[in-house]
Structures are given as structure tokens and as C-alpha cells.
file upload13.cif (mmCIF, C-alpha atoms)
data_structure
loop_
_atom_site.label_atom_id
_atom_site.label_comp_id
_atom_site.auth_asym_id
_atom_site.auth_seq_id
_atom_site.Cartn_x
_atom_site.Cartn_y
_atom_site.Cartn_z
CA MET A 1 -76.31 -43.77 10.20
CA ASN A 2 -75.77 -40.91 12.65
CA ALA A 3 -73.51 -41.50 15.62
CA THR A 4 -74.61 -40.38 19.05
CA LEU A 5 -72.05 -38.33 20.98
CA THR A 6 -71.39 -39.50 24.52
CA PRO A 7 -70.05 -37.11 27.19
CA VAL A 8 -66.57 -38.46 26.51
CA ASP A 9 -66.93 -37.54 22.84
CA GLN A 10 -68.09 -33.97 23.44
CA PRO A 11 -65.96 -31.36 21.56
CA ALA A 12 -65.90 -29.19 24.70
CA ALA A 13 -63.14 -31.40 26.10
CA VAL A 14 -60.81 -30.49 23.25
CA PRO A 15 -60.20 -26.79 24.16
CA SER A 16 -59.55 -27.83 27.78
CA ASP A 17 -56.94 -30.35 26.65
CA ARG A 18 -55.42 -27.83 24.25
CA THR A 19 -55.19 -25.28 27.06
CA GLY A 20 -53.26 -27.73 29.19
CA ARG A 21 -50.85 -28.43 26.31
CA ASP A 22 -50.49 -24.70 25.68
CA ARG A 23 -49.55 -24.11 29.28
CA LEU A 24 -46.99 -26.88 29.15
CA ASP A 25 -45.59 -25.42 25.93
CA ASP A 26 -45.38 -21.99 27.57
CA VAL A 27 -43.42 -23.48 30.46
CA ARG A 28 -41.07 -25.23 28.06
CA ARG A 29 -40.55 -22.07 26.02
CA ARG A 30 -39.86 -20.06 29.18
CA ALA A 31 -37.40 -22.68 30.41
CA ALA A 32 -35.65 -22.66 27.03
CA GLU A 33 -35.41 -18.86 27.09
CA LEU A 34 -33.96 -18.89 30.60
CA ALA A 35 -31.45 -21.56 29.59
CA ARG A 36 -30.36 -19.61 26.52
CA GLU A 37 -29.88 -16.47 28.58
CA HIS A 38 -28.29 -17.90 31.72
CA LEU A 39 -26.42 -21.02 30.62
CA PRO A 40 -23.61 -18.97 29.01
CA VAL A 41 -23.20 -17.07 32.29
CA ILE A 42 -22.98 -20.31 34.25
CA VAL A 43 -20.46 -21.76 31.79
CA LEU A 44 -18.33 -18.60 31.79
CA TYR A 45 -18.29 -18.23 35.57
CA GLY A 46 -17.74 -21.95 36.18
CA GLY A 47 -14.95 -22.15 33.62
CA LEU A 48 -13.10 -19.12 34.99
CA LYS A 49 -13.46 -20.31 38.58
CA LEU A 50 -12.27 -23.79 37.68
CA ILE A 51 -9.15 -22.36 36.03
CA GLY A 52 -8.28 -20.24 39.05
CA PHE A 53 -9.19 -23.03 41.48
CA LEU A 54 -6.91 -25.57 39.76
CA VAL A 55 -4.04 -23.08 39.60
CA PHE A 56 -4.54 -22.38 43.32
CA LEU A 57 -4.42 -26.08 44.20
CA HIS A 58 -1.37 -26.56 41.96
CA LEU A 59 0.48 -23.74 43.74
CA LEU A 60 -0.42 -25.20 47.11
CA ASP A 61 0.80 -28.65 46.10
CA SER A 62 3.98 -27.41 44.41
CA THR A 63 5.20 -25.44 47.42
CA GLY A 64 3.93 -27.94 49.99
CA ASP A 65 4.01 -25.38 52.79
CA PHE A 66 0.56 -26.45 53.96
CA ARG A 67 1.96 -29.84 54.97
CA ARG A 68 4.01 -28.19 57.71
CA LYS A 69 1.10 -26.24 59.14
CA HIS A 70 -1.54 -27.25 61.66
CA PRO A 71 -4.79 -28.38 59.95
CA ARG A 72 -6.63 -25.65 61.81
CA PHE A 73 -4.24 -22.93 60.62
CA GLY A 74 -3.84 -23.31 56.87
CA GLY A 75 -2.55 -26.86 56.84
CA GLY A 76 -3.72 -30.39 56.21
CA GLU A 77 -2.88 -33.69 54.62
CA HIS A 78 -4.08 -32.64 51.16
CA ALA A 79 -3.97 -29.31 49.35
CA TRP A 80 -7.76 -29.03 49.38
CA ASP A 81 -7.80 -29.27 53.18
CA VAL A 82 -6.59 -25.67 53.24
CA LEU A 83 -9.98 -24.56 51.89
CA ALA A 84 -11.68 -25.35 55.20
CA SER A 85 -8.99 -24.14 57.60
CA TRP A 86 -8.89 -20.87 59.58
CA ASP A 87 -12.50 -19.55 59.62
CA GLY A 88 -13.60 -22.72 57.86
CA TRP A 89 -12.55 -24.73 60.94
CA TRP A 90 -14.79 -22.60 63.15
CA TYR A 91 -17.75 -23.01 60.81
CA GLN A 92 -17.37 -26.78 60.92
CA GLN A 93 -17.23 -26.71 64.71
CA ILE A 94 -20.48 -24.74 64.82
CA ALA A 95 -22.15 -27.10 62.35
CA ALA A 96 -21.08 -30.08 64.44
CA HIS A 97 -21.55 -28.79 68.00
CA GLY A 98 -23.57 -25.56 67.91
CA TYR A 99 -22.81 -22.52 70.06
CA ASP A 100 -21.74 -21.97 73.65
CA PRO A 101 -21.25 -18.17 73.79
CA ALA A 102 -18.90 -17.07 76.56
CA LEU A 103 -16.30 -14.43 77.39
CA VAL A 104 -13.36 -16.35 78.85
CA ARG A 105 -10.31 -14.35 79.83
CA ILE A 106 -6.83 -15.71 79.13
CA PRO A 107 -4.97 -15.76 82.47
CA ASP A 108 -2.46 -12.91 82.79
CA ALA A 109 -3.05 -11.87 79.17
CA LYS A 110 -2.29 -8.27 78.25
CA GLY A 111 -2.32 -6.34 75.01
CA LEU A 112 -4.60 -6.99 72.05
CA ILE A 113 -5.70 -10.59 72.68
CA THR A 114 -7.14 -11.05 76.16
CA LEU A 115 -10.03 -13.47 75.52
CA GLU A 116 -10.19 -17.04 74.29
CA GLY A 117 -11.66 -17.51 70.83
CA ASN A 118 -15.32 -18.51 70.81
CA SER A 119 -17.49 -19.71 67.93
CA ALA A 120 -20.09 -17.03 68.71
CA ALA A 121 -17.92 -14.61 66.69
CA PHE A 122 -19.13 -16.44 63.54
CA PHE A 123 -22.70 -15.92 62.36
CA PRO A 124 -25.01 -18.95 62.08
CA LEU A 125 -26.45 -18.99 58.55
CA TYR A 126 -23.54 -20.67 56.76
CA PRO A 127 -22.89 -23.43 59.34
CA ALA A 128 -26.63 -24.08 59.68
CA THR A 129 -26.94 -24.45 55.91
CA MET A 130 -23.84 -26.64 55.91
CA ARG A 131 -25.37 -28.93 58.54
CA LEU A 132 -28.69 -29.10 56.68
CA VAL A 133 -27.00 -30.05 53.40
CA SER A 134 -24.89 -32.63 55.22
CA ASP A 135 -27.97 -34.23 56.75
CA ILE A 136 -29.83 -34.30 53.42
CA THR A 137 -27.00 -35.50 51.17
CA GLY A 138 -24.96 -37.63 53.56
CA LEU A 139 -21.85 -35.59 52.77
CA GLY A 140 -19.45 -34.77 55.57
CA LEU A 141 -19.40 -31.21 56.87
CA TYR A 142 -16.38 -30.38 54.72
CA GLY A 143 -18.06 -31.53 51.50
CA ALA A 144 -21.39 -29.97 52.48
CA GLY A 145 -19.71 -26.64 53.19
CA LEU A 146 -17.97 -26.60 49.81
CA LEU A 147 -21.21 -27.56 48.07
CA VAL A 148 -23.06 -24.67 49.74
CA SER A 149 -20.32 -22.23 48.76
CA ILE A 150 -20.05 -23.42 45.17
CA VAL A 151 -23.81 -23.43 44.52
CA SER A 152 -24.13 -20.03 46.20
CA SER A 153 -21.33 -18.64 44.03
CA PHE A 154 -23.29 -19.55 40.88
CA VAL A 155 -26.45 -17.99 42.33
CA ALA A 156 -24.41 -14.84 43.01
CA ALA A 157 -23.00 -14.88 39.48
CA LEU A 158 -26.49 -14.99 37.98
CA GLY A 159 -27.58 -12.13 40.24
CA ILE A 160 -24.57 -10.02 39.30
CA TYR A 161 -25.35 -10.70 35.64
CA ALA A 162 -28.96 -9.59 36.15
CA VAL A 163 -28.00 -6.37 37.94
CA ALA A 164 -25.28 -5.36 35.48
CA ALA A 165 -27.49 -6.21 32.50
CA ARG A 166 -29.90 -3.51 33.68
CA PHE A 167 -27.21 -0.92 32.88
CA GLY A 168 -25.53 -2.24 29.76
CA GLY A 169 -27.37 -5.23 28.37
CA ARG A 170 -26.42 -8.90 28.30
CA ARG A 171 -22.78 -8.32 27.31
CA ALA A 172 -22.23 -6.10 30.36
CA GLY A 173 -23.91 -8.67 32.60
CA PHE A 174 -21.72 -11.36 31.08
CA ALA A 175 -18.58 -9.34 31.82
CA ALA A 176 -19.69 -8.57 35.39
CA ALA A 177 -20.25 -12.27 36.14
CA GLY A 178 -16.75 -12.95 34.81
CA LEU A 179 -15.28 -10.27 37.05
CA TRP A 180 -16.92 -11.93 40.07
CA ALA A 181 -14.92 -15.07 39.23
CA VAL A 182 -11.51 -13.37 39.13
CA TRP A 183 -11.80 -10.42 41.52
CA PRO A 184 -9.21 -10.17 44.34
CA GLY A 185 -10.52 -12.18 47.29
CA SER A 186 -12.46 -14.55 45.00
CA GLY A 187 -10.40 -17.47 46.31
CA THR A 188 -12.93 -17.77 49.13
CA GLU A 189 -15.86 -18.31 46.74
CA TRP A 190 -15.14 -22.04 46.48
CA SER A 191 -14.04 -22.65 50.06
CA GLY A 192 -15.38 -23.27 53.55
CA TYR A 193 -16.13 -19.56 54.00
CA SER A 194 -19.42 -17.66 54.02
CA GLU A 195 -18.63 -15.08 51.31
CA SER A 196 -20.51 -16.73 48.44
CA LEU A 197 -23.66 -17.33 50.48
CA TYR A 198 -23.73 -13.73 51.72
CA VAL A 199 -23.04 -12.21 48.30
CA ALA A 200 -25.74 -14.39 46.71
CA LEU A 201 -28.25 -12.96 49.18
CA ALA A 202 -26.99 -9.37 48.86
CA VAL A 203 -27.12 -9.40 45.05
CA TRP A 204 -30.68 -10.64 44.93
CA VAL A 205 -31.74 -8.19 47.64
CA CYS A 206 -30.52 -5.34 45.43
CA HIS A 207 -32.17 -6.89 42.38
CA ALA A 208 -35.47 -7.25 44.27
CA VAL A 209 -35.34 -3.63 45.44
CA MET A 210 -34.62 -2.45 41.89
CA ASN A 211 -37.76 -4.29 40.77
CA ASP A 212 -39.99 -3.13 43.66
CA ARG A 213 -40.27 -6.64 45.10
CA TRP A 214 -40.15 -5.39 48.66
CA LEU A 215 -41.27 -8.47 50.56
CA THR A 216 -38.67 -10.59 48.76
CA ALA A 217 -36.02 -7.99 49.54
CA GLY A 218 -37.04 -7.84 53.19
CA VAL A 219 -36.95 -11.61 53.68
CA LEU A 220 -33.59 -11.95 51.92
CA THR A 221 -32.09 -9.11 53.97
CA PHE A 222 -33.39 -10.72 57.16
CA THR A 223 -31.61 -13.92 56.08
CA ALA A 224 -28.41 -12.10 55.11
CA GLY A 225 -28.34 -10.57 58.59
CA LEU A 226 -27.76 -14.08 59.94
CA SER A 227 -24.65 -14.38 57.78
CA ARG A 228 -22.26 -11.59 58.80
CA PRO A 229 -22.17 -8.31 60.76
CA THR A 230 -21.42 -6.16 57.71
CA SER A 231 -24.98 -6.93 56.59
CA VAL A 232 -25.75 -3.63 58.33
CA ALA A 233 -24.73 -2.05 54.99
CA LEU A 234 -27.37 -4.08 53.19
CA ILE A 235 -29.99 -3.25 55.83
CA ALA A 236 -29.24 0.46 55.52
CA ALA A 237 -29.32 0.31 51.71
CA LEU A 238 -32.74 -1.35 51.67
CA THR A 239 -34.06 1.12 54.27
CA VAL A 240 -32.89 4.17 52.31
CA ALA A 241 -34.36 2.81 49.08
CA ALA A 242 -37.67 1.99 50.78
CA LEU A 243 -37.91 5.42 52.40
CA ARG A 244 -37.24 7.09 49.05
CA THR A 245 -40.03 5.00 47.54
CA LEU A 246 -42.42 5.99 50.32
CA HIS A 247 -41.50 9.65 49.83
CA ARG A 248 -42.22 9.51 46.09
CA ARG A 249 -45.50 7.62 46.41
CA HIS A 250 -48.63 9.40 47.59
CA ASP A 251 -51.03 6.57 46.85
CA GLY A 252 -50.97 2.85 46.19
CA ASP A 253 -49.79 0.05 48.48
CA LEU A 254 -47.20 1.41 50.94
CA SER A 255 -47.31 -1.59 53.24
CA ARG A 256 -44.75 -3.62 51.33
CA PRO A 257 -41.83 -1.13 51.61
CA LEU A 258 -42.72 -0.60 55.28
CA THR A 259 -42.78 -4.34 55.92
CA ALA A 260 -39.39 -4.69 54.23
CA ILE A 261 -37.95 -1.99 56.51
CA LEU A 262 -39.25 -3.84 59.57
CA LEU A 263 -38.06 -7.27 58.42
CA ALA A 264 -34.57 -6.26 57.26
CA PRO A 265 -32.75 -5.84 60.62
CA LEU A 266 -34.39 -8.73 62.46
CA GLY A 267 -31.85 -11.41 61.48
CA LEU A 268 -28.80 -9.39 62.51
CA GLY A 269 -30.47 -8.01 65.62
CA THR A 270 -31.74 -11.40 66.78
CA TYR A 271 -28.31 -13.01 66.61
CA LEU A 272 -26.55 -10.13 68.38
CA LEU A 273 -29.18 -10.15 71.13
CA TYR A 274 -28.89 -13.94 71.48
CA VAL A 275 -25.11 -13.74 71.93
CA GLY A 276 -25.41 -10.79 74.29
CA ASP A 277 -28.01 -12.57 76.40
CA ARG A 278 -25.91 -15.73 76.67
CA MET A 279 -22.83 -13.71 77.60
CA GLY A 280 -24.63 -11.56 80.13
CA ARG A 281 -23.97 -8.25 78.36
CA LEU A 282 -25.65 -6.76 75.31
CA ASP A 283 -22.36 -5.82 73.63
CA GLY A 284 -20.95 -9.32 74.15
CA TYR A 285 -20.41 -9.99 70.45
CA PHE A 286 -18.30 -6.87 69.99
CA VAL A 287 -16.36 -7.49 73.20
CA LEU A 288 -15.52 -10.97 71.92
CA GLN A 289 -14.44 -9.69 68.51
CA LYS A 290 -12.16 -7.12 70.09
CA GLY A 291 -10.71 -9.27 72.86
CA ALA A 292 -10.25 -12.53 70.93
CA TRP A 293 -9.55 -11.33 67.37
CA ALA A 294 -8.55 -7.66 67.82
CA HIS A 295 -11.39 -6.66 65.47
CA THR A 296 -12.95 -3.32 66.35
CA PHE A 297 -14.15 -0.15 64.64
CA ASP A 298 -11.31 2.38 64.86
CA TYR A 299 -12.59 4.97 62.33
CA GLY A 300 -9.88 4.06 59.82
CA GLU A 301 -6.83 4.51 62.04
CA GLN A 302 -5.25 1.18 61.10
CA THR A 303 -6.08 1.59 57.41
CA LEU A 304 -4.24 4.92 57.34
CA ASP A 305 -1.33 3.34 59.22
CA VAL A 306 -1.07 0.57 56.64
CA PHE A 307 -1.17 3.01 53.72
CA ALA A 308 1.52 5.20 55.31
CA ASN A 309 3.81 2.20 55.86
CA VAL A 310 3.26 0.49 52.52
CA ALA A 311 3.96 3.78 50.72
CA VAL A 312 7.51 3.86 52.13
CA GLY A 313 8.15 0.12 52.15
CA GLN A 314 7.91 -0.36 55.93
CA ARG A 315 6.01 -2.88 58.06
CA ASP A 316 5.59 -0.98 61.32
CA TYR A 317 1.88 -1.67 61.72
CA LEU A 318 -0.50 -4.24 63.19
CA PHE A 319 -0.80 -7.66 61.48
CA ALA A 320 1.72 -6.97 58.72
CA PHE A 321 1.68 -9.39 55.76
CA PRO A 322 3.57 -7.67 52.90
CA VAL A 323 2.10 -9.32 49.79
CA PRO A 324 -1.55 -9.50 50.93
CA ASP A 325 -1.28 -5.94 52.27
CA LEU A 326 0.02 -4.62 48.95
CA ILE A 327 -2.84 -6.32 47.11
CA GLY A 328 -5.21 -4.87 49.70
CA VAL A 329 -3.93 -1.35 49.06
CA ILE A 330 -4.37 -1.79 45.30
CA VAL A 331 -7.92 -3.12 45.80
CA VAL A 332 -8.87 -0.18 48.01
CA LEU A 333 -7.52 2.41 45.56
CA LEU A 334 -9.20 0.66 42.63
CA GLY A 335 -12.43 0.37 44.58
CA LEU A 336 -12.51 4.05 45.49
CA ALA A 337 -12.03 4.98 41.83
CA LEU A 338 -14.80 2.58 40.80
CA ILE A 339 -17.17 4.03 43.41
CA ALA A 340 -16.77 7.42 41.76
CA LEU A 341 -17.51 5.88 38.34
CA LEU A 342 -20.48 3.99 39.77
CA ILE A 343 -22.00 7.18 41.18
CA ARG A 344 -21.59 8.89 37.79
CA LEU A 345 -23.88 6.24 36.32
CA ARG A 346 -26.66 7.44 38.67
CA PRO A 347 -27.66 3.92 39.68
CA PRO A 348 -30.49 3.10 42.11
CA SER A 349 -29.70 4.30 45.62
CA VAL A 350 -29.64 0.75 46.98
CA LEU A 351 -26.45 0.03 45.02
CA VAL A 352 -24.67 3.23 46.04
CA VAL A 353 -25.56 3.06 49.73
CA TYR A 354 -24.68 -0.63 49.95
CA THR A 355 -21.30 -0.17 48.26
CA VAL A 356 -20.24 2.97 50.13
CA LEU A 357 -21.23 1.59 53.54
CA THR A 358 -19.50 -1.73 52.84
CA PHE A 359 -16.30 0.22 52.14
CA ALA A 360 -16.77 2.40 55.21
CA LEU A 361 -17.28 -0.59 57.52
CA VAL A 362 -14.26 -2.45 56.15
CA LEU A 363 -11.82 0.46 55.97
CA GLY A 364 -12.99 1.87 59.30
CA SER A 365 -12.15 -1.31 61.20
CA GLN A 366 -9.04 -2.60 62.91
CA GLN A 367 -8.39 -6.06 61.50
CA ILE A 368 -5.93 -8.05 59.41
CA PHE A 369 -5.58 -5.60 56.54
CA GLY A 370 -4.40 -8.33 54.17
CA ASN A 371 -7.96 -9.65 54.21
CA VAL A 372 -9.39 -6.43 52.75
CA SER A 373 -9.67 -8.07 49.33
CA ARG A 374 -11.94 -10.71 50.92
CA TYR A 375 -13.92 -8.27 53.03
CA LEU A 376 -14.60 -6.05 50.01
CA LEU A 377 -15.59 -8.94 47.76
CA PRO A 378 -19.31 -8.35 48.58
CA ALA A 379 -19.09 -4.86 46.99
CA PHE A 380 -20.27 -6.31 43.67
CA PRO A 381 -21.71 -3.03 42.26
CA LEU A 382 -18.09 -2.05 41.60
CA PHE A 383 -18.16 -4.53 38.72
CA VAL A 384 -20.76 -2.47 36.86
CA PRO A 385 -18.52 0.41 35.63
CA LEU A 386 -15.83 -2.05 34.52
CA ALA A 387 -18.39 -4.29 32.87
CA LEU A 388 -19.71 -1.35 30.83
CA LYS A 389 -16.20 -0.81 29.48
CA LEU A 390 -15.55 -4.49 28.84
CA ARG A 391 -18.82 -4.96 26.91
CA THR A 392 -17.26 -3.09 23.98
CA LEU A 393 -14.80 -5.95 23.45
CA SER A 394 -15.57 -8.79 21.09
CA LEU A 395 -16.74 -11.95 22.84
CA PRO A 396 -13.56 -13.96 22.04
CA LEU A 397 -11.36 -11.11 23.27
CA LEU A 398 -13.44 -10.67 26.44
CA CYS A 399 -13.28 -14.40 27.24
CA GLY A 400 -9.56 -14.51 26.49
CA LEU A 401 -8.84 -11.54 28.76
CA LEU A 402 -10.90 -12.99 31.59
CA GLY A 403 -9.27 -16.40 31.06
CA MET A 404 -5.76 -14.99 31.46
CA THR A 405 -6.88 -13.12 34.56
CA ALA A 406 -8.36 -16.36 35.92
CA VAL A 407 -4.94 -18.04 35.67
CA ALA A 408 -3.38 -15.21 37.66
CA SER A 409 -6.24 -15.26 40.17
CA GLY A 410 -5.10 -18.66 41.39
CA SER A 411 -2.19 -16.76 42.92
CA TYR A 412 -3.38 -13.26 43.89
CA ALA A 413 -6.93 -14.28 44.86
CA GLY A 414 -6.20 -17.74 46.29
CA TYR A 415 -2.64 -18.60 47.26
CA VAL A 416 -1.73 -15.15 48.58
CA LEU A 417 -4.87 -15.01 50.71
CA PHE A 418 -4.67 -18.48 52.23
CA GLU A 419 -0.92 -19.15 52.42
CA LEU A 420 0.89 -15.79 52.53
CA GLY A 421 -1.57 -14.27 54.99
CA VAL A 422 -4.27 -15.26 57.46
CA PRO A 423 -7.66 -15.28 55.70
#
call {"tool": "encode", "arguments": {"input": "upload13.cif", "output": "C-alpha cells"}}
result
Amino acid sequence: MNATLTPVDQPAAVPSDRTGRDRLDDVRRRAAELAREHLPVIVLYGGLKLIGFLVFLHLLDSTGDFRRKHPRFGGGEHAWDVLASWDGWWYQQIAAHGYDPALVRIPDAKGLITLEGNSAAFFPLYPATMRLVSDITGLGLYGAGLLVSIVSSFVAALGIYAVAARFGGRRAGFAAAGLWAVWPGSGTEWSGYSESLYVALAVWVCHAVMNDRWLTAGVLTFTAGLSRPTSVALIAALTVAALRTLHRRHDGDLSRPLTAILLAPLGLGTYLLYVGDRMGRLDGYFVLQKGAWAHTFDYGEQTLDVFANVAVGQRDYLFAFPVPDLIGVIVVLLGLALIALLIRLRPPSVLVVYTVLTFALVLGSQQIFGNVSRYLLPAFPLFVPLALKLRTLSLPLLCGLLGMTAVASGSYAGYVLFELGVP
């Protein structure tokens, strides 16, 4: 007896079902591949950061100096309160109350500080993200801020891995991600500061440019411009890379690089114009930075003054903090040497322009020099030349070396920055 096939029984349904299963299998295989490639990076970075972080908290607790300081200025009831003091206090105020930009003179004030501090000196992306995470998760602003920073630091680590791997394979990327965990200034990566969020954006901007994903690069640069003023280095790097691409291409789609160039400066420009409009003068942001924090571009005068004094063991310069300043000098010298090595590798122009301009903006400014290690933390392409050297080590030796450095980083990258200086 022959059976009659109904529409449900038709064989045509089988290939369709198999196609759906194949797609699901492809997704699973891709996810497994991504996990195999990136999970070791996450484990390495997280392990190194946790070591340094615990050492940092132990040093804070063992000395107890934070207990005698104001909670706003490096103090608190618990050691971890220090993580959201100084700039972290301002970010929490913005997240809680928003902005009220103003230039308010201090009566009879003379010298460097003539204006009252105002939250408008701090860019809005980090506190806005902090507030959003707080609203979604129910965490307080302190917890939300740390969560944003920690998650961003892992995103940055994966980006640094991806960029460095382009030059020296997975082992070099692995080493570069490890260096991000222990570099001087890395104590702010897991704190109430905006460094991790900005670096995460900057790394993936450079990665997008290197892969001709111009719209992605433009949007990310726009966003980074809402994070900090030194994003001008990132904007310039994208613009130079896009113009070079337009010069080389004589056909094809040129709209994407052009769109990226137009998008890139809008975040930074919008915030500066907003502050200037509210203050009644277009240069209001820079007037506030100079009058309330003594931050201004002095073409490297203070940097040279610090180097001249540190070389002869003196402290006759502005904002002198001996230990952080010495570390800052070492970081600058090391960074300049690494820039030369980076250029020898002939990397994409976006990496060179971004790194050189970041250095120029930091070293050309009058500020607390002891914070140079923090201000130069975004110059992640410096990790590439070192990572290429470290990739020749065996994996156990590489992890052991980075692990020992992580222990030391609890002091030089954390305690020195937050307790022996003013971060």
C-alpha cells in the first residue's frame, strides 16, 4: 500500500530545517572560536589586575593614611573609598546633579588659583554612563562607576590584544594586554576615573581605522570626544588616516572616510561649545581649567622645569611630589624611546599620529606632573614594540614576569598615584 505524502511530509522541508541547524552550528562554532582566542586574554588581564588591585588595597589599609584624609581628597572610611575620591568625587557629583557651568572668582584670590572649581571641567561621557548603569542595575553611583571602569578595562584589553596581534601574532597581543594591566598609571583602570572608558574607545577606533571600518571609527571617535579633551589626538589621527586613504583611492566609495572625518570632532566640539555658551564665553572651558586647576598649555615649560629639578635632586617647581614625579620622568623617557621603536615598525599612521600627539598634549601642558603616568596611559601603541620582544619568551616565563610586575604595580601604579600624589 502506497502512502500519500501530505504537505507536512514533503521532503522540501528537510533542507530548510537543515539550513537552520547549520546556521546555528556556525554561530556556535564562531562563538567557540572567539572564546578560545579571547578567554585567555581576559583571564590574563583580569588575573594581573586583581593581583595589583589587592596589593594596592593592602598597602592602603596597612598604612591607614587615608583614614586621616577628607573623603573628597583621598580619604574615606574604607580603603576602597579612595578609588572614587579626587576626580572620582567630581564624576559622582555630575552623575547625581548634572552640570551648572560657571566662572566664579574667589574673592581677593591671586596667583595660580583664582576661580572656584566647577564640574564643567570634567567631560560628560563617564558620569552619564555611570548614571545609566546605576539606574539599570540599582547600584549606587560608586558601584556603577567601578563597574563601568572595570568592564571598559576588559574591552580595552581585548582591543589592545587585537591591535598588537596584527604586528606579531597572538603571543604579542597576549603580552600587550598584560602590559596594559601593569603599566604605570594603571591604578586608575579599576577606579572611579574615566581612563578605562576612554582607552576602550580609542583602541577600537584605531582598530576600526586599520580595518577600513570608517563609520564605526567615526562614531567611536565622536563618543570618545565626550570623554576627555585629549581626544583631539584621536580626532587628528583618524583625520590623517582618512585623508591618506582618500589620497590613495581614485575610485570606489569615498563617502565613508569623509563621513568619519565629519563625525569625529562633533563630540568634543559640542561639549566645549555647550560649556562656553553657558559661561558666556567660547573659551570658558579653558579659562576654568586654568583658573581653577592651573591646567594650561605652556609648550612644555613645566615639563622641562621638572626634568631640570629632578636631575639634580631639587623640588623647586610647581606641584612637586617627589616619588610620583620620579616615576613620571621614567615613564616619559621610556615612552620617548618606545615611540622611536614604534615608528621603526612602520605601523599604520593612525597609531603614530595618535601616540605622538598624546605625548605632545601631555608634555606640553602645565599640570601636576606626577600624574603624567596616568595621562599617558592612553598611549597604548607603546605596548606594541615591547610586546614584540616579550613574545619570544615561553608562556610560563611571560606570565611569571608579568605576575611579578603586577605585584609591584600595586605600589608604583596605585598607591604612589593615589596616596603619595594627587591623581
call {"tool": "resolve_selection", "arguments": {"input": "upload13.cif", "expression": "the PyMOL selection byres ((chain A and resi 318-329) around 6)", "output": "list of chain:residue names"}}
result
A:Arg315, A:Tyr317, A:Ile330, A:Val331, A:Val332, A:Ile368, A:Gly370, A:Val372, A:Ser373, A:Gly421
call {"tool": "resolve_selection", "arguments": {"input": "upload13.cif", "expression": "the PyMOL selection byres ((chain A and resi 241-257) around 9)", "output": "PyMOL selection string"}}
result
chain A and resi 209-210+212-215+218+236-240+258-262+348-350+353
call {"tool": "residues_around", "arguments": {"input": "upload13.cif", "residues": "Ser409 of chain A", "least_positions_apart": "3", "cutoff": "8 Å", "atoms": "all atoms listed in the file", "output": "NGL selection string"}}
result
:A and (52 or 56 or 182-184 or 186-187 or 405-406 or 412-414)
call {"tool": "closest_residue", "arguments": {"input": "upload13.cif", "among": "A:Ala217, A:Ala292, A:Val407, A:Leu263", "to": "Leu57 of chain A", "atoms": "all atoms listed in the file"}}
result
A:Val407
call {"tool": "closest_residue", "arguments": {"input": "upload13.cif", "among": "A:Leu226, A:Ala308, A:Ala337, A:Leu197", "to": "Tyr274 of chain A", "atoms": "all atoms listed in the file"}}
result
A:Leu226
call {"tool": "closest_residue", "arguments": {"input": "upload13.cif", "among": "A:Ala181, A:Ala128, A:Leu115, A:Ala35", "to": "Phe53 of chain A", "atoms": "all atoms listed in the file"}}
result
A:Ala181
call {"tool": "residues_near_point", "arguments": {"input": "upload13.cif", "point": "(-16.5, -19.4, 64.6)", "cutoff": "6 Å", "atoms": "all atoms listed in the file", "output": "PyMOL selection string"}}
result
chain A and resi 90-91+119-122
call {"tool": "atom_distance", "arguments": {"input": "upload13.cif", "atom1": "atom CA of Pro378 of chain A", "atom2": "atom CA of Thr137 of chain A"}}
result
28.3 Å
